[in-house]
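Report on one structure; see the data block that follows.
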Amino acid sequence: MRSIIEMTIRSIIEMTENTAPVIAMANVEGGGHGNGGCWWWKKVLDWGEAKVQILFSLPMLLTNVAYYCIPLVSVMFAGHLGDAELAASNLANSWATVTGLSFMVGLSGALETLCGQGFGAKLYRMLGIYLQSSCLISIFFSILISILWVFTEPILILLHQDPKISKMSALYIKYLIPGLFAYCLLQNILRFLQTQSIVAPLVIFSLIPLILHIGITYVLVRVTSLAFIGAPIAVSISLWIAVIMLAGYVLFSKRFKETWNGFSKESFKHVLTCLKLALPSAAMVCLEYWAFEILVLLAGILPNSEITTSLIAMCVNTEAIAFMFTCGLSAAASTRVSNELGATNIKKAKQAMAVTLKLSFILALAVVLALGFGHDIWAGLFSDSRVIINKYASMTPFLMISIVFDSIQGVLSGVARGCGWQHHAMYINLAMFYLIGMPIAVALAFFVKLYAKGLWIGLICGLSCQTVGLLLLVYLKKWTQVELKDGDSFGDPIPV
C-alpha cells in the first residue's frame, strides 16, 4: 500500500510540477481586458479577476464534494444492512459532524489568515511553521473530542434518542476516532495549499481516496464479517490515505522548497498566534452549522413531527448542497484577499472581494432558478410521498431566499478569514442567529403557528442580518495586515 501511494504521489507531482499557481494569473496584463473583450461584460464584472477566481473555485468545489462524500458513502453502505443500521449510521454521522468535523474545518481557518497573508508578504518560511502550529492545535482538540465521543451513548440517551440506536451509533463513532485525527490534519494541509493557490492537484488527491474508499467500504461491509463497524473503519482508513497522499505531495514536490523547510520546534512558539485566530474561526463555522441542526430538533416537537422533521431536514440538506458551490468562491475570496493584504495591496484586495460577491450572486441566482423550476424533481429524490413533495414546493420560495443570503455571507465570511477578523465575525454570527434568528423562528413556528415555514422564516431573518452585519464589517472596518513577524504572540495589526 505504501509503495502504491508513493508511486501515485510522484506521478501526480510530475503532472503538476510545472503548472503555474492559479492566482498568479491575476497579475497577467490584459487578462480579459483586451480590445476584443465584451465591453458590456467588463462594466458588470472584471473578467480577468473573475476568470482567475472561477478557475480557483472549481477545483476547490470538487475537492470539498469528494471529501464530503467519503463518510456519506459509508453511511449508504451501512444503511443497506437494515433500518436500525441506517438510523444509527445517520445519527452517528450527524453527531460526528456537529461535534467534531465541522469544528476541525473551523480551526484550520487560522491558516487562511496567517498563511494567506504570509504568502502575499513573501514570508514563505513562516507558512510551514504556521502549518505545524495549527496541526498541534487541531491534534489537541481532537484528543478532547475523542474523549467526548467515548461517551456518545449516554449523551444520546440523555437527548432522548432510542437506546438501541444510541448504542449502535456509539459503536460507529468509536471506530471514527482515528479518522477524526486524519481529518484535522487533512484540513490544515488543504489550507496550506489553498493559500498558495495550488488547487488543481487537490482534485486528484481527493478523487483517488474517494474511489478507493468505495472499494474499501464494499470489502469491509459486504465481504468481511465486520459488517456494520466496517463502515466507520473504512472512513478512517480512507481519510488517512488522503492525508498520506497530501503530506507526501508537500514533502516530495519541489514546489514547497521555500514554504516547507521540515519540522521545527519554532512551531510551538506560534501556537498562541494560531490559537487566537483558530478558536473564533471554529466558532464562526459551528455557530452557523448548529443553527441549522437546531431547526431539525425544533421540527421534531412540532405537530405532525414526522412530516415536519423530514421537510426541514430536506431543506437543510438542500441548503448544504447549494452552499458547497459557494465554498469554492469563499476559499477564492479568502485567498485573494489575504494574499493581496500580505502584499499591502488594499485596493486589489477590495477589488477581488467585489468580484467574488458578484460571482456569488450570479451563482446563487442560477441555483435558485434551477430549484424553482425543478423543486418537485428534487424533492422526489428524497421522498415518494406526495404530501411531503407538495409541502416542499410551498417551502421553495423561502428556501430560494435563504440560499441567496447564504451564498453572499459565505463569501463575506471568507473575506473575514482572509483579513483576520474571525472574532468579529464570530460575534456577528452569535448575535444574528441566536439573538435574532432563533427567537423569531420559535415565535413564528410555535406561537403564530406557521410551523415549518415559521422555522425557515426565522432562519432567513438570521441569515439576512448576518449578511448585513458582515457587509458593514468589511466596508466600515479599516483593512490591515496582521503581524507576521517572528514572535510568540499575535501582535497588533499593521496599518497598510
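The chains in the C-alpha cells are called A, B, ... from first to last as shown; in each chain the residues are counted from 1, and the ligands are counted from 1 in the order shown.
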Extract the full set of alpha helix (DSSP H) residues from region 164-198 of chain A according to DSSP on the backbone, and format it as a PyMOL selection string.
chain A and resi 164-174+177-194
Rows by chain and residue number, region 397-449 of chain A within 9 Å of region 453-473 of chain A, shortest pair, only C-alpha atoms, as a Markdown table:
| residue | atom | partner | partner_atom | distance |
| --- | --- | --- | --- | --- |
| A:Phe398 | CA | A:Ile457 | CA | 7.0 |
| A:Leu399 | CA | A:Trp456 | CA | 7.7 |
| A:Ile401 | CA | A:Ile460 | CA | 7.3 |
| A:Ser402 | CA | A:Ile460 | CA | 5.4 |
| A:Phe405 | CA | A:Ser464 | CA | 6.0 |
| A:Asp406 | CA | A:Leu463 | CA | 6.5 |
| A:Ile408 | CA | A:Thr467 | CA | 6.9 |
| A:Gln409 | CA | A:Thr467 | CA | 5.0 |
| A:Gly410 | CA | A:Thr467 | CA | 8.7 |
| A:Leu412 | CA | A:Leu470 | CA | 6.2 |
| A:Ser413 | CA | A:Leu470 | CA | 7.3 |
| A:Ala416 | CA | A:Leu470 | CA | 8.1 |
| A:Trp421 | CA | A:Leu473 | CA | 8.9 |
| A:His424 | CA | A:Leu473 | CA | 7.9 |
| A:Ala425 | CA | A:Leu470 | CA | 6.9 |
| A:Ile428 | CA | A:Gln466 | CA | 6.3 |
| A:Asn429 | CA | A:Gln466 | CA | 6.1 |
| A:Ala431 | CA | A:Gln466 | CA | 8.4 |
| A:Met432 | CA | A:Gly462 | CA | 5.1 |
| A:Phe433 | CA | A:Gly462 | CA | 4.7 |
| A:Tyr434 | CA | A:Gly462 | CA | 8.0 |
| A:Leu435 | CA | A:Gly462 | CA | 8.6 |
| A:Ile436 | CA | A:Gly462 | CA | 6.0 |
| A:Gly437 | CA | A:Gly462 | CA | 3.9 |
| A:Met438 | CA | A:Gly458 | CA | 6.1 |
| A:Pro439 | CA | A:Gly458 | CA | 7.4 |
| A:Ile440 | CA | A:Gly458 | CA | 4.9 |
| A:Ala441 | CA | A:Gly458 | CA | 3.8 |
| A:Val442 | CA | A:Leu455 | CA | 6.6 |
| A:Ala443 | CA | A:Gly454 | CA | 7.8 |
| A:Leu444 | CA | A:Gly454 | CA | 4.6 |
| A:Ala445 | CA | A:Gly454 | CA | 4.4 |
| A:Phe446 | CA | A:Gly454 | CA | 8.1 |
| A:Val448 | CA | A:Gly454 | CA | 7.9 |
| A:Lys449 | CA | A:Gly454 | CA | 7.4 |
Identify which of the residues A:Ile189, A:Ala283, A:Leu246, A:Ala121 lies closest to Ser134 (chain A), counting only C-alpha atoms when measuring atom-to-atom distances.
A:Ile189
Just the residues within 8 Å of region 56-64 of chain A, please, counting only C-alpha atoms, with nothing from its chain fewer than 2 positions along; format it as an mmCIF file with N, CA and C atoms, in the first residue's frame.
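Once written, out_0.cif looks like this:
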data_model
loop_
_atom_site.group_PDB
_atom_site.id
_atom_site.type_symbol
_atom_site.label_atom_id
_atom_site.label_comp_id
_atom_site.auth_asym_id
_atom_site.auth_seq_id
_atom_site.Cartn_x
_atom_site.Cartn_y
_atom_site.Cartn_z
ATOM 1 N N VAL A 22 -2.769 29.183 -9.835
ATOM 2 C CA VAL A 22 -3.912 29.811 -10.489
ATOM 3 C C VAL A 22 -3.954 31.311 -10.230
ATOM 4 N N ILE A 23 -3.735 31.695 -8.979
ATOM 5 C CA ILE A 23 -3.859 33.101 -8.617
ATOM 6 C C ILE A 23 -2.817 33.955 -9.315
ATOM 7 N N VAL A 52 -9.893 34.154 -12.979
ATOM 8 C CA VAL A 52 -8.958 33.585 -12.001
ATOM 9 C C VAL A 52 -9.714 32.904 -10.869
ATOM 10 N N GLN A 53 -10.730 33.593 -10.358
ATOM 11 C CA GLN A 53 -11.464 33.048 -9.217
ATOM 12 C C GLN A 53 -12.282 31.820 -9.598
ATOM 13 N N ILE A 54 -12.823 31.812 -10.803
ATOM 14 C CA ILE A 54 -13.573 30.635 -11.253
ATOM 15 C C ILE A 54 -12.645 29.436 -11.387
ATOM 16 N N ALA A 66 -15.735 15.754 -2.864
ATOM 17 C CA ALA A 66 -15.118 14.429 -2.761
ATOM 18 C C ALA A 66 -14.888 14.034 -1.301
ATOM 19 N N TYR A 67 -14.342 14.952 -0.508
ATOM 20 C CA TYR A 67 -14.098 14.637 0.902
ATOM 21 C C TYR A 67 -15.409 14.524 1.679
ATOM 22 N N TYR A 68 -16.424 15.297 1.285
ATOM 23 C CA TYR A 68 -17.738 15.213 1.927
ATOM 24 C C TYR A 68 -18.371 13.847 1.687
ATOM 25 N N SER A 197 -2.444 29.014 -3.591
ATOM 26 C CA SER A 197 -3.166 28.903 -4.871
ATOM 27 C C SER A 197 -2.826 27.631 -5.624
ATOM 28 N N VAL A 199 -4.345 24.434 -6.243
ATOM 29 C CA VAL A 199 -5.629 23.774 -6.064
ATOM 30 C C VAL A 199 -5.905 22.666 -7.075
ATOM 31 N N ALA A 200 -5.330 22.759 -8.266
ATOM 32 C CA ALA A 200 -5.609 21.738 -9.288
ATOM 33 C C ALA A 200 -5.228 20.328 -8.830
ATOM 34 N N LEU A 202 -5.337 19.141 -5.966
ATOM 35 C CA LEU A 202 -6.242 18.700 -4.900
ATOM 36 C C LEU A 202 -7.376 17.841 -5.438
ATOM 37 N N VAL A 203 -7.795 18.105 -6.664
ATOM 38 C CA VAL A 203 -8.878 17.317 -7.257
ATOM 39 C C VAL A 203 -8.461 15.857 -7.359
ATOM 40 N N SER A 206 -8.111 14.144 -3.944
ATOM 41 C CA SER A 206 -9.369 13.881 -3.249
ATOM 42 C C SER A 206 -10.182 12.793 -3.954
ATOM 43 N N LEU A 207 -10.130 12.753 -5.270
ATOM 44 C CA LEU A 207 -10.898 11.750 -6.010
ATOM 45 C C LEU A 207 -10.321 10.347 -5.828
ATOM 46 N N MET A 324 -22.212 24.261 -0.982
ATOM 47 C CA MET A 324 -20.960 23.679 -1.479
ATOM 48 C C MET A 324 -20.422 24.461 -2.679
ATOM 49 N N PHE A 325 -21.332 24.959 -3.523
ATOM 50 C CA PHE A 325 -20.900 25.758 -4.665
ATOM 51 C C PHE A 325 -20.251 27.055 -4.191
ATOM 52 N N CYS A 327 -18.686 27.435 -1.344
ATOM 53 C CA CYS A 327 -17.444 27.169 -0.616
ATOM 54 C C CYS A 327 -16.215 27.435 -1.473
ATOM 55 N N GLY A 328 -16.286 27.078 -2.758
ATOM 56 C CA GLY A 328 -15.161 27.331 -3.646
ATOM 57 C C GLY A 328 -14.890 28.813 -3.785
ATOM 58 N N LEU A 329 -15.953 29.609 -3.941
ATOM 59 C CA LEU A 329 -15.791 31.059 -4.044
ATOM 60 C C LEU A 329 -15.336 31.662 -2.722
ATOM 61 N N ALA A 331 -13.376 30.214 -0.551
ATOM 62 C CA ALA A 331 -11.936 29.947 -0.486
ATOM 63 C C ALA A 331 -11.170 30.891 -1.397
ATOM 64 N N ALA A 332 -11.725 31.169 -2.580
ATOM 65 C CA ALA A 332 -11.078 32.091 -3.509
ATOM 66 C C ALA A 332 -11.007 33.494 -2.918
#
How far is it from CA of His423 (chain A) to CA of Trp260 (chain A), in Å with one decimal?
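Atom-to-atom, CA of His423 (chain A) and CA of Trp260 (chain A) are spaced 28.4 Å apart.
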Counting only C-alpha atoms, what is within 7 Å of Ala87 (chain A), bar same-chain residues fewer than 4 positions away, as a tab-separated table (two decimals) with C-alpha atoms, in the first residue's frame?
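To be explicit, this is the file written out as result09.tsv:
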chain	number	residue	atom	x	y	z
A	83	ASP	CA	-33.30	0.01	9.14
A	91	LEU	CA	-27.25	9.63	13.70
A	165	ILE	CA	-29.90	3.23	18.09
Just checking: using only C-alpha atoms, which residue out of A:Val474, A:Val337, A:Arg386, A:Val404 ends up closest to Ala366 (chain A)?
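Distance minimum relative to Ala366 (chain A) lands on A:Val404.
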Point out the residue among A:Phe140, A:Phe228, A:Phe192, A:Phe373 with the least atom-to-atom distance to Phe119 (chain A), counting only C-alpha atoms.
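Once distances to Phe119 (chain A) are computed over only C-alpha atoms, the minimum belongs to A:Phe192.
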Interatomic distance, CA of Leu55 (chain A) to CA of Leu193 (chain A) (Å, one decimal):
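Going from CA of Leu55 (chain A) over to CA of Leu193 (chain A), I get 15.1 Å.
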